[in-house]
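Data file: model_2.pdb. Format and content: PDB, C-alpha atoms.
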ATOM      1  CA  MET A 580    -144.585-111.019  24.851  1.00  0.00           C
ATOM      2  CA  GLN A 581    -142.241-110.882  27.819  1.00  0.00           C
ATOM      3  CA  LEU A 582    -139.637-113.598  28.269  1.00  0.00           C
ATOM      4  CA  GLN A 583    -141.208-114.773  31.522  1.00  0.00           C
ATOM      5  CA  THR A 584    -144.655-115.030  29.952  1.00  0.00           C
ATOM      6  CA  SER A 585    -143.089-116.914  27.069  1.00  0.00           C
ATOM      7  CA  LEU A 586    -141.684-119.417  29.562  1.00  0.00           C
ATOM      8  CA  THR A 587    -145.078-120.265  31.050  1.00  0.00           C
ATOM      9  CA  VAL A 588    -146.625-120.474  27.586  1.00  0.00           C
ATOM     10  CA  PHE A 589    -143.758-122.775  26.545  1.00  0.00           C
ATOM     11  CA  ILE A 590    -144.315-124.955  29.625  1.00  0.00           C
ATOM     12  CA  SER A 591    -148.048-125.146  28.901  1.00  0.00           C
ATOM     13  CA  GLY A 592    -147.287-126.089  25.302  1.00  0.00           C
ATOM     14  CA  LEU A 593    -144.855-128.740  26.496  1.00  0.00           C
ATOM     15  CA  ILE A 594    -147.416-130.192  28.907  1.00  0.00           C
ATOM     16  CA  SER A 595    -150.058-130.226  26.153  1.00  0.00           C
ATOM     17  CA  GLY A 596    -147.652-131.890  23.726  1.00  0.00           C
ATOM     18  CA  ILE A 597    -146.661-134.566  26.241  1.00  0.00           C
ATOM     19  CA  ILE A 598    -150.294-135.403  26.986  1.00  0.00           C
ATOM     20  CA  LEU A 599    -151.260-135.513  23.313  1.00  0.00           C
ATOM     21  CA  TYR A 600    -148.218-137.602  22.379  1.00  0.00           C
ATOM     22  CA  GLN A 601    -148.885-140.054  25.212  1.00  0.00           C
ATOM     23  CA  SER A 602    -152.582-140.328  24.353  1.00  0.00           C
ATOM     24  CA  ILE A 603    -152.397-140.452  20.570  1.00  0.00           C
ATOM     25  CA  VAL A 604    -149.058-142.043  19.737  1.00  0.00           C
ATOM     26  CA  VAL A 605    -147.867-144.116  22.697  1.00  0.00           C
ATOM     27  CA  ALA A 606    -151.180-145.530  23.920  1.00  0.00           C
ATOM     28  CA  SER A 607    -152.396-146.517  20.477  1.00  0.00           C
ATOM     29  CA  ALA A 608    -149.068-148.171  19.610  1.00  0.00           C
ATOM     30  CA  VAL A 609    -148.979-150.083  22.892  1.00  0.00           C
ATOM     31  CA  PHE A 610    -152.512-151.439  22.626  1.00  0.00           C
ATOM     32  CA  LYS A 611    -152.096-152.381  18.964  1.00  0.00           C
ATOM     33  CA  ASN A 612    -148.686-154.034  19.251  1.00  0.00           C
ATOM     34  CA  LEU A 613    -148.242-155.555  22.709  1.00  0.00           C
ATOM     35  CA  GLU A 614    -149.835-158.525  24.410  1.00  0.00           C
ATOM     36  CA  PRO A 615    -151.613-157.935  27.761  1.00  0.00           C
ATOM     37  CA  GLY A 616    -148.625-158.984  29.919  1.00  0.00           C
ATOM     38  CA  PRO A 617    -146.028-156.679  28.346  1.00  0.00           C
ATOM     39  CA  THR A 618    -148.663-153.936  28.013  1.00  0.00           C
ATOM     40  CA  SER A 619    -149.242-153.982  31.769  1.00  0.00           C
ATOM     41  CA  ILE A 620    -145.512-153.897  32.521  1.00  0.00           C
ATOM     42  CA  PHE A 621    -144.961-151.005  30.118  1.00  0.00           C
ATOM     43  CA  LEU A 622    -147.920-148.962  31.351  1.00  0.00           C
ATOM     44  CA  ARG A 623    -146.925-149.441  34.989  1.00  0.00           C
ATOM     45  CA  SER A 624    -143.516-148.111  34.077  1.00  0.00           C
ATOM     46  CA  ILE A 625    -144.544-145.159  31.906  1.00  0.00           C
ATOM     47  CA  PHE A 626    -147.477-143.608  33.798  1.00  0.00           C
ATOM     48  CA  PRO A 627    -145.623-142.738  37.016  1.00  0.00           C
ATOM     49  CA  LYS A 628    -142.977-140.988  34.892  1.00  0.00           C
ATOM     50  CA  PHE A 629    -145.675-139.277  32.817  1.00  0.00           C
ATOM     51  CA  PHE A 630    -147.379-137.791  35.864  1.00  0.00           C
ATOM     52  CA  LYS A 631    -144.090-136.909  37.601  1.00  0.00           C
ATOM     53  CA  ILE A 632    -142.970-134.926  34.554  1.00  0.00           C
ATOM     54  CA  ILE A 633    -146.298-133.120  34.304  1.00  0.00           C
ATOM     55  CA  SER A 634    -146.234-132.393  38.066  1.00  0.00           C
ATOM     56  CA  PHE A 635    -142.728-130.960  37.816  1.00  0.00           C
ATOM     57  CA  LEU A 636    -143.700-128.805  34.843  1.00  0.00           C
ATOM     58  CA  GLY A 637    -146.862-127.675  36.668  1.00  0.00           C
ATOM     59  CA  LEU A 638    -144.781-126.745  39.714  1.00  0.00           C
ATOM     60  CA  SER A 639    -142.346-124.809  37.511  1.00  0.00           C
ATOM     61  CA  HIS A 640    -145.216-123.015  35.788  1.00  0.00           C
ATOM     62  CA  PHE A 641    -146.880-122.181  39.103  1.00  0.00           C
ATOM     63  CA  PHE A 642    -143.724-120.729  40.661  1.00  0.00           C
ATOM     64  CA  LEU A 643    -142.838-118.705  37.559  1.00  0.00           C
ATOM     65  CA  ALA A 644    -146.370-117.303  37.479  1.00  0.00           C
ATOM     66  CA  LEU A 645    -146.135-116.357  41.166  1.00  0.00           C
ATOM     67  CA  ILE A 646    -142.642-114.894  41.006  1.00  0.00           C
ATOM     68  CA  PHE A 647    -143.415-112.727  37.997  1.00  0.00           C
ATOM     69  CA  LYS A 648    -146.911-111.823  39.248  1.00  0.00           C
ATOM     70  CA  TYR A 649    -148.858-113.105  36.271  1.00  0.00           C
ATOM     71  CA  SER A 650    -152.606-113.076  35.944  1.00  0.00           C
ATOM     72  CA  PHE A 651    -154.736-115.155  38.255  1.00  0.00           C
ATOM     73  CA  TYR A 652    -155.589-117.436  35.331  1.00  0.00           C
ATOM     74  CA  ASN A 653    -151.937-118.127  34.563  1.00  0.00           C
ATOM     75  CA  ILE A 654    -151.278-118.969  38.216  1.00  0.00           C
ATOM     76  CA  LEU A 655    -154.413-121.158  38.265  1.00  0.00           C
ATOM     77  CA  VAL A 656    -153.251-123.175  35.253  1.00  0.00           C
ATOM     78  CA  GLY A 657    -149.934-123.960  36.954  1.00  0.00           C
ATOM     79  CA  LEU A 658    -151.593-124.823  40.268  1.00  0.00           C
ATOM     80  CA  LEU A 659    -154.286-127.017  38.695  1.00  0.00           C
ATOM     81  CA  THR A 660    -151.676-128.823  36.637  1.00  0.00           C
ATOM     82  CA  LEU A 661    -149.588-129.481  39.748  1.00  0.00           C
ATOM     83  CA  ILE A 662    -152.480-130.642  41.946  1.00  0.00           C
ATOM     84  CA  LEU A 663    -154.334-132.793  39.405  1.00  0.00           C
ATOM     85  CA  SER A 664    -151.209-134.509  38.061  1.00  0.00           C
ATOM     86  CA  THR A 665    -150.042-135.225  41.614  1.00  0.00           C
ATOM     87  CA  ILE A 666    -153.415-136.800  42.440  1.00  0.00           C
ATOM     88  CA  CYS A 667    -153.142-138.913  39.275  1.00  0.00           C
ATOM     89  CA  PHE A 668    -149.676-140.018  40.336  1.00  0.00           C
ATOM     90  CA  LEU A 669    -150.844-140.872  43.855  1.00  0.00           C
ATOM     91  CA  ILE A 670    -153.768-143.051  42.693  1.00  0.00           C
ATOM     92  CA  ILE A 671    -151.581-145.196  40.425  1.00  0.00           C
ATOM     93  CA  PRO A 672    -150.881-147.818  43.144  1.00  0.00           C
ATOM     94  CA  MET A 673    -154.609-148.118  43.898  1.00  0.00           C
ATOM     95  CA  THR A 674    -155.378-148.447  40.194  1.00  0.00           C
ATOM     96  CA  ASN A 675    -152.747-151.159  39.813  1.00  0.00           C
ATOM     97  CA  GLU A 676    -154.073-152.980  42.867  1.00  0.00           C
ATOM     98  CA  ALA A 677    -157.627-152.860  41.490  1.00  0.00           C
ATOM     99  CA  THR A 678    -156.335-154.388  38.250  1.00  0.00           C
ATOM    100  CA  ASP A 679    -154.393-157.097  40.119  1.00  0.00           C
ATOM    101  CA  LEU A 680    -157.454-157.991  42.205  1.00  0.00           C
ATOM    102  CA  ASN A 681    -159.725-157.862  39.151  1.00  0.00           C
ATOM    103  CA  ASN A 682    -161.828-155.199  40.889  1.00  0.00           C
ATOM    104  CA  LYS A 683    -163.290-153.727  37.697  1.00  0.00           C
ATOM    105  CA  LYS A 684    -165.559-151.244  39.461  1.00  0.00           C
ATOM    106  CA  LYS A 685    -162.724-149.693  41.480  1.00  0.00           C
ATOM    107  CA  PHE A 686    -160.438-149.696  38.436  1.00  0.00           C
ATOM    108  CA  LYS A 687    -163.073-147.950  36.333  1.00  0.00           C
ATOM    109  CA  VAL A 688    -163.580-145.208  38.938  1.00  0.00           C
ATOM    110  CA  LEU A 689    -159.846-144.601  39.418  1.00  0.00           C
ATOM    111  CA  HIS A 690    -159.078-144.757  35.711  1.00  0.00           C
ATOM    112  CA  THR A 691    -161.928-142.330  34.964  1.00  0.00           C
ATOM    113  CA  ILE A 692    -160.582-139.902  37.565  1.00  0.00           C
ATOM    114  CA  SER A 693    -157.145-140.113  35.978  1.00  0.00           C
ATOM    115  CA  VAL A 694    -158.469-139.583  32.449  1.00  0.00           C
ATOM    116  CA  VAL A 695    -160.761-136.694  33.434  1.00  0.00           C
ATOM    117  CA  PHE A 696    -158.005-134.944  35.411  1.00  0.00           C
ATOM    118  CA  THR A 697    -155.586-135.384  32.508  1.00  0.00           C
ATOM    119  CA  MET A 698    -158.135-133.889  30.101  1.00  0.00           C
ATOM    120  CA  ILE A 699    -158.689-130.941  32.458  1.00  0.00           C
ATOM    121  CA  ILE A 700    -154.921-130.395  32.572  1.00  0.00           C
ATOM    122  CA  LEU A 701    -154.779-130.546  28.779  1.00  0.00           C
ATOM    123  CA  ILE A 702    -157.691-128.124  28.266  1.00  0.00           C
ATOM    124  CA  PHE A 703    -156.350-125.534  30.714  1.00  0.00           C
ATOM    125  CA  ASN A 704    -152.824-125.689  29.312  1.00  0.00           C
ATOM    126  CA  ILE A 705    -153.994-125.479  25.691  1.00  0.00           C
ATOM    127  CA  SER A 706    -156.201-122.511  26.604  1.00  0.00           C
ATOM    128  CA  LEU A 707    -153.149-120.677  27.935  1.00  0.00           C
ATOM    129  CA  VAL A 708    -151.179-121.337  24.746  1.00  0.00           C
ATOM    130  CA  PHE A 709    -153.956-120.005  22.530  1.00  0.00           C
TER     131      PHE A 709
END

Taking this structure as input, can you express it in the form of structure tokens?
Amino acid sequence: MQLQTSLTVFISGLISGIILYQSIVVASAVFKNLEPGPTSIFLRSIFPKFFKIISFLGLSHFFLALIFKYSFYNILVGLLTLILSTICFLIIPMTNEATDLNNKKKFKVLHTISVVFTMIILIFNISLVF
């Protein structure tokens, strides 16, 4: 495997690991151990960082794939990761506002979008690793 290809596979593995760690370890620990007030403060702090990191890694993956003329699929994984994680980041304020206003319907829609996009990112990045 070429060094450049190894870099995009490493980035995809890193993205997958971050998502799995956040979903399995962090989220379960937060909901089991924190009261609603501190949980909200923590989640509002962590999720913007989570999506910024994934966006940056997606951007890095995308540019490496373009520069080294990788397969269309490799380029697609980087681009999808960048776009979907950026959308997730951008809807955070609306999701927080829906929570603050107790607008459960709007929260559910926005949260579902965020979860589905994150799962798509995970699936595409895992598929590139394996």

Env of segment 607-623 of chain A: 10 Å cut, atoms = only C-alpha atoms, seq-sep filter 3 positions within chain, self excluded. Answer as a CSV table (one decimal) with C-alpha atoms, keeping the file's coordinate frame.
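Result written to around31.csv:
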chain,number,residue,atom,x,y,z
A,601,GLN,CA,-148.9,-140.1,25.2
A,602,SER,CA,-152.6,-140.3,24.4
A,603,ILE,CA,-152.4,-140.5,20.6
A,604,VAL,CA,-149.1,-142.0,19.7
A,626,PHE,CA,-147.5,-143.6,33.8
A,627,PRO,CA,-145.6,-142.7,37.0
A,628,LYS,CA,-143.0,-141.0,34.9
A,671,ILE,CA,-151.6,-145.2,40.4
A,672,PRO,CA,-150.9,-147.8,43.1
A,674,THR,CA,-155.4,-148.4,40.2
A,675,ASN,CA,-152.7,-151.2,39.8
A,678,THR,CA,-156.3,-154.4,38.2

### Message
Counting only C-alpha atoms, find residues at most 8 Å from (-144.4, -122.6, 30.3) (file frame) and give them as number ranges by chain.
### Response
A: 584-593, 636, 639-640

### Task
Determine, counting all atoms listed in the file, which protein, DNA and RNA residues have an atom within 8 Å of an atom of segment 684-698 of chain A; residues of the same chain fewer than 3 positions away are not included. Present the result as number ranges by chain.
A: 598, 663-664, 667, 670, 673-675, 677-678, 701-702

### Query
For this file, the PyMOL selection byres ((chain A and resi 654) around 9) selects which residues, as an MDAnalysis selection string?
chainID A and resid 640:645 648:653 655:659

#### Entry: Two-atom distance - atom CA of Ile633 of chain A, atom CA of Thr665 of chain A (Å)
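The value is 8.5 Å.
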
### Task
Quote the spacing between atom CA of Ser634 of chain A and atom CA of Ile700 of chain A in Å to one decimal place.
10.5 Å

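Atom CA of Ile705 of chain A to atom CA of Thr660 of chain A spans 11.7 Å [interatomic distance, one decimal].
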
Quick one: segment 580-606 of chain A with N, CA and C atoms, as a PDB file, in the frame of the given file?
ATOM      1  N   MET A 580    -144.379-110.161  23.692  1.00  0.00           N
ATOM      2  CA  MET A 580    -144.585-111.019  24.851  1.00  0.00           C
ATOM      3  C   MET A 580    -143.299-111.038  25.674  1.00  0.00           C
ATOM      4  N   GLN A 581    -143.412-110.874  26.954  1.00  0.00           N
ATOM      5  CA  GLN A 581    -142.241-110.882  27.819  1.00  0.00           C
ATOM      6  C   GLN A 581    -141.634-112.279  27.876  1.00  0.00           C
ATOM      7  N   LEU A 582    -140.333-112.320  28.178  1.00  0.00           N
ATOM      8  CA  LEU A 582    -139.637-113.598  28.269  1.00  0.00           C
ATOM      9  C   LEU A 582    -140.288-114.507  29.303  1.00  0.00           C
ATOM     10  N   GLN A 583    -140.622-113.946  30.464  1.00  0.00           N
ATOM     11  CA  GLN A 583    -141.208-114.773  31.522  1.00  0.00           C
ATOM     12  C   GLN A 583    -142.556-115.341  31.090  1.00  0.00           C
ATOM     13  N   THR A 584    -143.372-114.537  30.431  1.00  0.00           N
ATOM     14  CA  THR A 584    -144.655-115.030  29.952  1.00  0.00           C
ATOM     15  C   THR A 584    -144.431-116.108  28.907  1.00  0.00           C
ATOM     16  N   SER A 585    -143.423-115.910  28.069  1.00  0.00           N
ATOM     17  CA  SER A 585    -143.089-116.914  27.069  1.00  0.00           C
ATOM     18  C   SER A 585    -142.724-118.238  27.721  1.00  0.00           C
ATOM     19  N   LEU A 586    -142.065-118.179  28.874  1.00  0.00           N
ATOM     20  CA  LEU A 586    -141.684-119.417  29.562  1.00  0.00           C
ATOM     21  C   LEU A 586    -142.906-120.205  30.030  1.00  0.00           C
ATOM     22  N   THR A 587    -143.895-119.527  30.599  1.00  0.00           N
ATOM     23  CA  THR A 587    -145.078-120.265  31.050  1.00  0.00           C
ATOM     24  C   THR A 587    -145.889-120.773  29.867  1.00  0.00           C
ATOM     25  N   VAL A 588    -145.928-120.002  28.787  1.00  0.00           N
ATOM     26  CA  VAL A 588    -146.625-120.474  27.586  1.00  0.00           C
ATOM     27  C   VAL A 588    -145.889-121.682  27.012  1.00  0.00           C
ATOM     28  N   PHE A 589    -144.549-121.637  27.012  1.00  0.00           N
ATOM     29  CA  PHE A 589    -143.758-122.775  26.545  1.00  0.00           C
ATOM     30  C   PHE A 589    -144.025-124.004  27.401  1.00  0.00           C
ATOM     31  N   ILE A 590    -144.049-123.828  28.718  1.00  0.00           N
ATOM     32  CA  ILE A 590    -144.315-124.955  29.625  1.00  0.00           C
ATOM     33  C   ILE A 590    -145.705-125.525  29.363  1.00  0.00           C
ATOM     34  N   SER A 591    -146.691-124.658  29.197  1.00  0.00           N
ATOM     35  CA  SER A 591    -148.048-125.146  28.901  1.00  0.00           C
ATOM     36  C   SER A 591    -148.092-125.895  27.577  1.00  0.00           C
ATOM     37  N   GLY A 592    -147.369-125.396  26.586  1.00  0.00           N
ATOM     38  CA  GLY A 592    -147.287-126.089  25.302  1.00  0.00           C
ATOM     39  C   GLY A 592    -146.612-127.436  25.436  1.00  0.00           C
ATOM     40  N   LEU A 593    -145.567-127.485  26.253  1.00  0.00           N
ATOM     41  CA  LEU A 593    -144.855-128.740  26.496  1.00  0.00           C
ATOM     42  C   LEU A 593    -145.760-129.757  27.192  1.00  0.00           C
ATOM     43  N   ILE A 594    -146.479-129.317  28.197  1.00  0.00           N
ATOM     44  CA  ILE A 594    -147.416-130.192  28.907  1.00  0.00           C
ATOM     45  C   ILE A 594    -148.471-130.713  27.931  1.00  0.00           C
ATOM     46  N   SER A 595    -149.036-129.822  27.130  1.00  0.00           N
ATOM     47  CA  SER A 595    -150.058-130.226  26.153  1.00  0.00           C
ATOM     48  C   SER A 595    -149.489-131.234  25.163  1.00  0.00           C
ATOM     49  N   GLY A 596    -148.291-130.976  24.676  1.00  0.00           N
ATOM     50  CA  GLY A 596    -147.652-131.890  23.726  1.00  0.00           C
ATOM     51  C   GLY A 596    -147.383-133.260  24.326  1.00  0.00           C
ATOM     52  N   ILE A 597    -146.928-133.288  25.567  1.00  0.00           N
ATOM     53  CA  ILE A 597    -146.661-134.566  26.241  1.00  0.00           C
ATOM     54  C   ILE A 597    -147.950-135.367  26.381  1.00  0.00           C
ATOM     55  N   ILE A 598    -149.013-134.708  26.813  1.00  0.00           N
ATOM     56  CA  ILE A 598    -150.294-135.403  26.986  1.00  0.00           C
ATOM     57  C   ILE A 598    -150.814-135.920  25.650  1.00  0.00           C
ATOM     58  N   LEU A 599    -150.771-135.087  24.626  1.00  0.00           N
ATOM     59  CA  LEU A 599    -151.260-135.513  23.313  1.00  0.00           C
ATOM     60  C   LEU A 599    -150.410-136.643  22.741  1.00  0.00           C
ATOM     61  N   TYR A 600    -149.108-136.548  22.873  1.00  0.00           N
ATOM     62  CA  TYR A 600    -148.218-137.602  22.379  1.00  0.00           C
ATOM     63  C   TYR A 600    -148.498-138.924  23.098  1.00  0.00           C
ATOM     64  N   GLN A 601    -148.618-138.853  24.418  1.00  0.00           N
ATOM     65  CA  GLN A 601    -148.885-140.054  25.212  1.00  0.00           C
ATOM     66  C   GLN A 601    -150.221-140.674  24.807  1.00  0.00           C
ATOM     67  N   SER A 602    -151.232-139.836  24.648  1.00  0.00           N
ATOM     68  CA  SER A 602    -152.582-140.328  24.353  1.00  0.00           C
ATOM     69  C   SER A 602    -152.726-140.844  22.926  1.00  0.00           C
ATOM     70  N   ILE A 603    -152.186-140.112  21.975  1.00  0.00           N
ATOM     71  CA  ILE A 603    -152.397-140.452  20.570  1.00  0.00           C
ATOM     72  C   ILE A 603    -151.371-141.453  20.050  1.00  0.00           C
ATOM     73  N   VAL A 604    -150.116-141.218  20.324  1.00  0.00           N
ATOM     74  CA  VAL A 604    -149.058-142.043  19.737  1.00  0.00           C
ATOM     75  C   VAL A 604    -148.731-143.259  20.599  1.00  0.00           C
ATOM     76  N   VAL A 605    -148.350-143.020  21.849  1.00  0.00           N
ATOM     77  CA  VAL A 605    -147.867-144.116  22.697  1.00  0.00           C
ATOM     78  C   VAL A 605    -148.981-145.108  23.016  1.00  0.00           C
ATOM     79  N   ALA A 606    -150.101-144.619  23.512  1.00  0.00           N
ATOM     80  CA  ALA A 606    -151.180-145.530  23.920  1.00  0.00           C
ATOM     81  C   ALA A 606    -151.683-146.371  22.754  1.00  0.00           C
TER      82      ALA A 606
END
